Amino acid sequence: MSTPPSAEDLLLDRALAGDESAFVELVDLYHVPLLRFARTFVRQPSQAEDVVQDAWMGVLRGLERFERRSSFKTWLFRIVANRARTRAVREQRYVQFEVNEDGSDNSDNFTPEGTLKAPPREWRMTPERLLLSVETRALVDAALEQLPDNQRVVVTLRDIEQLDAADVCNVLGITETNQRVLLHRGRTKVRAALAAALE
Amino acid sequence: MLTCRDVANLTSDYLNKDLPLYRRLAVRLHLLMCVGCNRYYAQMRSTLAMLRKIGEETTADSSDRARELFRSHRNS
C-alpha cells in the first residue's frame, strides 16, 4: 500500500487502539449528518435518534471487522440505512427504490418540438442572497419534505452529504440508473418548489 | 442540436460532470445560445449550492453521549 493513511484512517486506528477521544471525534464529525439521513426514512425525530445511537453501537461492535474497502463514511451511512429501513418497515413505511414514470419531466414547459415555451422567470434574490437567507433555508426544507421518500433519500446523500454516485448505490443497494433518475427528479422538484416561492 | 427538453433532462448529469465530452459540449453550446435554459441551469446550480450548504451545518452536541457509549462498550 503506497497511499498514505487519511486523517480518517488515523482516527480509526486510534479508536481501535482504545482511544476514546478518537471515537468522540468520529461521532462529532458524523452524528448530525447521520441524523439528517435517518430522518429521511423515519419521520419521528426521537426514532431517528434511536436509529443513529443504535448504529453507533453497531459501529463499535463492527469496527474491528471493518475492512476499509469502502470509506468509513459510506460504511456508516450503510449501517444507518439498513437500521432505518428496518425501523421504517416496522412503522409500515417502505421506501421503494424501483423507478417508474412519475410524470416529473416538466412536459408542460415545452412545445411538442421540445423548445421551452417561455424562459423560467427570474428569482427575486441573487445567488449570494439565496445562500444566506433564513427564508430560503426554510423553503429548501419544505421542498425536501414534499419529495417522495426515495427521491429525498438520494438527494440528501448526493447533494447534502456529497457522497458520490457509486457510494450512494452502495449505501442503498440500488442501481446506477435508478440513482441517476431519482436524483434528477428530486433536484428538478426542489428547483420547481423554490421557483414557485421565489419568482 | 439538442432541444431545450433534452437539455433539461441532461442538466442533472451535466452538473455532476457525468456526461461524455461530446454531450457535455453540446449542452454547453445550447446554454450559450438559449436564455431560458441558461436561466434554468443557473437556478439549478443555486439549488444545489443551497443543498450543499445544509450539509455544512454541523453542531457537535454529541460528545458526552459518545464518551458514554464508548465506555459502556469497552466495559461490556
# chains A, B, ... in the order shown; residues from 1 in each chain; ligands from 1
$ interface_residues --of "chain A" --to "chain B" --cutoff "7 Å" --atoms "only C-alpha atoms" --output "NGL selection string"
:A and (20 or 24 or 27-28 or 32 or 110 or 114-116 or 118-120 or 127 or 131 or 159-161 or 184 or 191)
$ write_last_selection --atoms "C-alpha atoms" --output "PDB file, in the first residue's frame"
ATOM      1  CA  GLU A  20     -11.810   7.356  23.439  1.00  0.00           C
ATOM      2  CA  VAL A  24     -15.654  11.093  20.047  1.00  0.00           C
ATOM      3  CA  VAL A  27     -19.109  10.867  16.385  1.00  0.00           C
ATOM      4  CA  ASP A  28     -18.810  14.660  16.303  1.00  0.00           C
ATOM      5  CA  VAL A  32     -25.535  15.315  12.644  1.00  0.00           C
ATOM      6  CA  PHE A 110     -42.058  22.626 -23.698  1.00  0.00           C
ATOM      7  CA  GLY A 114     -39.067  20.278 -27.247  1.00  0.00           C
ATOM      8  CA  THR A 115     -38.450  24.026 -27.140  1.00  0.00           C
ATOM      9  CA  LEU A 116     -39.061  25.954 -23.917  1.00  0.00           C
ATOM     10  CA  ALA A 118     -41.020  30.668 -22.101  1.00  0.00           C
ATOM     11  CA  PRO A 119     -37.845  31.172 -20.125  1.00  0.00           C
ATOM     12  CA  PRO A 120     -38.264  30.495 -16.386  1.00  0.00           C
ATOM     13  CA  PRO A 127     -27.356  33.570  -5.789  1.00  0.00           C
ATOM     14  CA  LEU A 131     -27.331  31.097   0.367  1.00  0.00           C
ATOM     15  CA  ASP A 159     -26.416  16.915  -2.674  1.00  0.00           C
ATOM     16  CA  ILE A 160     -26.437  17.481   1.076  1.00  0.00           C
ATOM     17  CA  GLU A 161     -23.899  14.890   2.249  1.00  0.00           C
ATOM     18  CA  HIS A 184     -32.648  14.066 -11.482  1.00  0.00           C
ATOM     19  CA  ARG A 191     -35.883  23.703  -8.036  1.00  0.00           C
TER      20      ARG A 191
END
$ atom_distance --atom1 "CA of Ala143 (chain A)" --atom2 "CA of Gln53 (chain A)"
27.5 Å
$ residues_around --residues "region 65-74 of chain A" --least-positions-apart "4" --cutoff "8 Å" --atoms "only C-alpha atoms" --output "PyMOL selection string"
chain A and resi 8+30+78+163+167-168+170-171
$ write_last_selection --atoms "C-alpha atoms" --output "JSON list (two decimals), in the first residue's frame"
[["chain", "number", "residue", "atom", "x", "y", "z"],
["A", 8, "GLU", "CA", -9.93, 9.36, 8.99],
["A", 30, "TYR", "CA", -20.85, 12.32, 11.58],
["A", 78, "ARG", "CA", -24.97, 1.98, 5.05],
["A", 163, "LEU", "CA", -21.49, 11.25, -1.43],
["A", 167, "ASP", "CA", -21.27, 5.37, -2.74],
["A", 168, "VAL", "CA", -24.99, 6.12, -2.87],
["A", 170, "ASN", "CA", -23.54, 1.08, -2.28],
["A", 171, "VAL", "CA", -25.32, 2.62, 0.74]]
$ residues_around --residues "Ala193 (chain A)" --least-positions-apart "6" --cutoff "10 Å" --atoms "only C-alpha atoms" --output "PyMOL selection string"
chain A and resi 139-140+142-144+146-147+187
$ atom_distance --atom1 "CA of Leu63 (chain A)" --atom2 "CA of Asp13 (chain A)"
9.8 Å
$ decode --residues "chain B" --atoms "C-alpha atoms" --output "mmCIF file, in the first residue's frame"
data_model
loop_
_atom_site.group_PDB
_atom_site.id
_atom_site.type_symbol
_atom_site.label_atom_id
_atom_site.label_comp_id
_atom_site.auth_asym_id
_atom_site.auth_seq_id
_atom_site.Cartn_x
_atom_site.Cartn_y
_atom_site.Cartn_z
ATOM 1 C CA MET B 1 -28.731 20.182 -31.973
ATOM 2 C CA LEU B 2 -30.145 19.401 -28.550
ATOM 3 C CA THR B 3 -33.629 20.675 -27.768
ATOM 4 C CA CYS B 4 -34.476 22.580 -24.587
ATOM 5 C CA ARG B 5 -36.195 19.454 -23.304
ATOM 6 C CA ASP B 6 -33.037 17.395 -23.916
ATOM 7 C CA VAL B 7 -31.024 19.964 -22.015
ATOM 8 C CA ALA B 8 -33.465 19.997 -19.079
ATOM 9 C CA ASN B 9 -33.154 16.214 -18.923
ATOM 10 C CA LEU B 10 -29.352 16.376 -19.036
ATOM 11 C CA THR B 11 -28.876 19.247 -16.585
ATOM 12 C CA SER B 12 -28.502 16.998 -13.558
ATOM 13 C CA ASP B 13 -25.857 14.821 -15.251
ATOM 14 C CA TYR B 14 -24.165 17.928 -16.629
ATOM 15 C CA LEU B 15 -23.883 19.369 -13.133
ATOM 16 C CA ASN B 16 -22.388 16.075 -11.927
ATOM 17 C CA LYS B 17 -19.869 16.230 -14.783
ATOM 18 C CA ASP B 18 -21.167 12.806 -15.732
ATOM 19 C CA LEU B 19 -21.514 13.361 -19.469
ATOM 20 C CA PRO B 20 -19.131 12.202 -22.171
ATOM 21 C CA LEU B 21 -17.218 15.073 -23.762
ATOM 22 C CA TYR B 22 -19.328 15.377 -26.884
ATOM 23 C CA ARG B 23 -22.603 15.556 -24.934
ATOM 24 C CA ARG B 24 -21.121 17.916 -22.446
ATOM 25 C CA LEU B 25 -20.056 20.336 -25.151
ATOM 26 C CA ALA B 26 -23.438 20.058 -26.865
ATOM 27 C CA VAL B 27 -25.161 21.061 -23.602
ATOM 28 C CA ARG B 28 -22.668 23.871 -23.139
ATOM 29 C CA LEU B 29 -23.335 25.148 -26.652
ATOM 30 C CA HIS B 30 -27.089 25.127 -26.067
ATOM 31 C CA LEU B 31 -26.665 27.012 -22.782
ATOM 32 C CA LEU B 32 -24.632 29.664 -24.580
ATOM 33 C CA MET B 33 -27.403 30.246 -27.092
ATOM 34 C CA CYS B 34 -30.581 29.823 -25.071
ATOM 35 C CA VAL B 35 -31.512 32.387 -22.433
ATOM 36 C CA GLY B 36 -34.257 30.215 -20.943
ATOM 37 C CA CYS B 37 -32.139 27.087 -20.496
ATOM 38 C CA ASN B 38 -29.278 29.157 -19.203
ATOM 39 C CA ARG B 39 -31.502 30.627 -16.514
ATOM 40 C CA TYR B 40 -32.872 27.178 -15.646
ATOM 41 C CA TYR B 41 -29.333 25.883 -15.348
ATOM 42 C CA ALA B 42 -28.282 28.796 -13.116
ATOM 43 C CA GLN B 43 -31.294 28.193 -10.853
ATOM 44 C CA MET B 44 -30.479 24.501 -10.653
ATOM 45 C CA ARG B 45 -26.921 25.369 -9.718
ATOM 46 C CA SER B 46 -28.186 27.688 -6.967
ATOM 47 C CA THR B 47 -30.476 24.925 -5.744
ATOM 48 C CA LEU B 48 -27.535 22.534 -5.420
ATOM 49 C CA ALA B 49 -25.460 25.188 -3.665
ATOM 50 C CA MET B 50 -28.251 25.627 -1.093
ATOM 51 C CA LEU B 51 -28.439 21.880 -0.518
ATOM 52 C CA ARG B 52 -24.678 21.607 -0.139
ATOM 53 C CA LYS B 53 -24.777 24.381 2.455
ATOM 54 C CA ILE B 54 -27.180 22.359 4.620
ATOM 55 C CA GLY B 55 -24.547 19.629 4.701
ATOM 56 C CA GLU B 56 -22.043 22.064 6.152
ATOM 57 C CA GLU B 57 -24.215 22.702 9.195
ATOM 58 C CA THR B 58 -22.909 20.518 11.957
ATOM 59 C CA THR B 59 -23.298 21.071 15.625
ATOM 60 C CA ALA B 60 -21.286 18.938 17.935
ATOM 61 C CA ASP B 61 -23.525 18.281 20.879
ATOM 62 C CA SER B 62 -22.891 14.563 20.835
ATOM 63 C CA SER B 63 -19.551 14.310 22.655
ATOM 64 C CA ASP B 64 -20.832 13.313 26.083
ATOM 65 C CA ARG B 65 -23.065 10.635 24.714
ATOM 66 C CA ALA B 66 -20.246 9.334 22.531
ATOM 67 C CA ARG B 67 -17.963 9.008 25.538
ATOM 68 C CA GLU B 68 -20.636 7.124 27.421
ATOM 69 C CA LEU B 69 -21.222 4.742 24.507
ATOM 70 C CA PHE B 70 -17.537 4.088 24.129
ATOM 71 C CA ARG B 71 -17.028 3.372 27.819
ATOM 72 C CA SER B 72 -20.035 1.109 28.138
ATOM 73 C CA HIS B 73 -18.835 -0.836 25.108
ATOM 74 C CA ARG B 74 -15.316 -1.264 26.452
ATOM 75 C CA ASN B 75 -16.614 -2.374 29.802
ATOM 76 C CA SER B 76 -19.047 -4.879 28.347
#
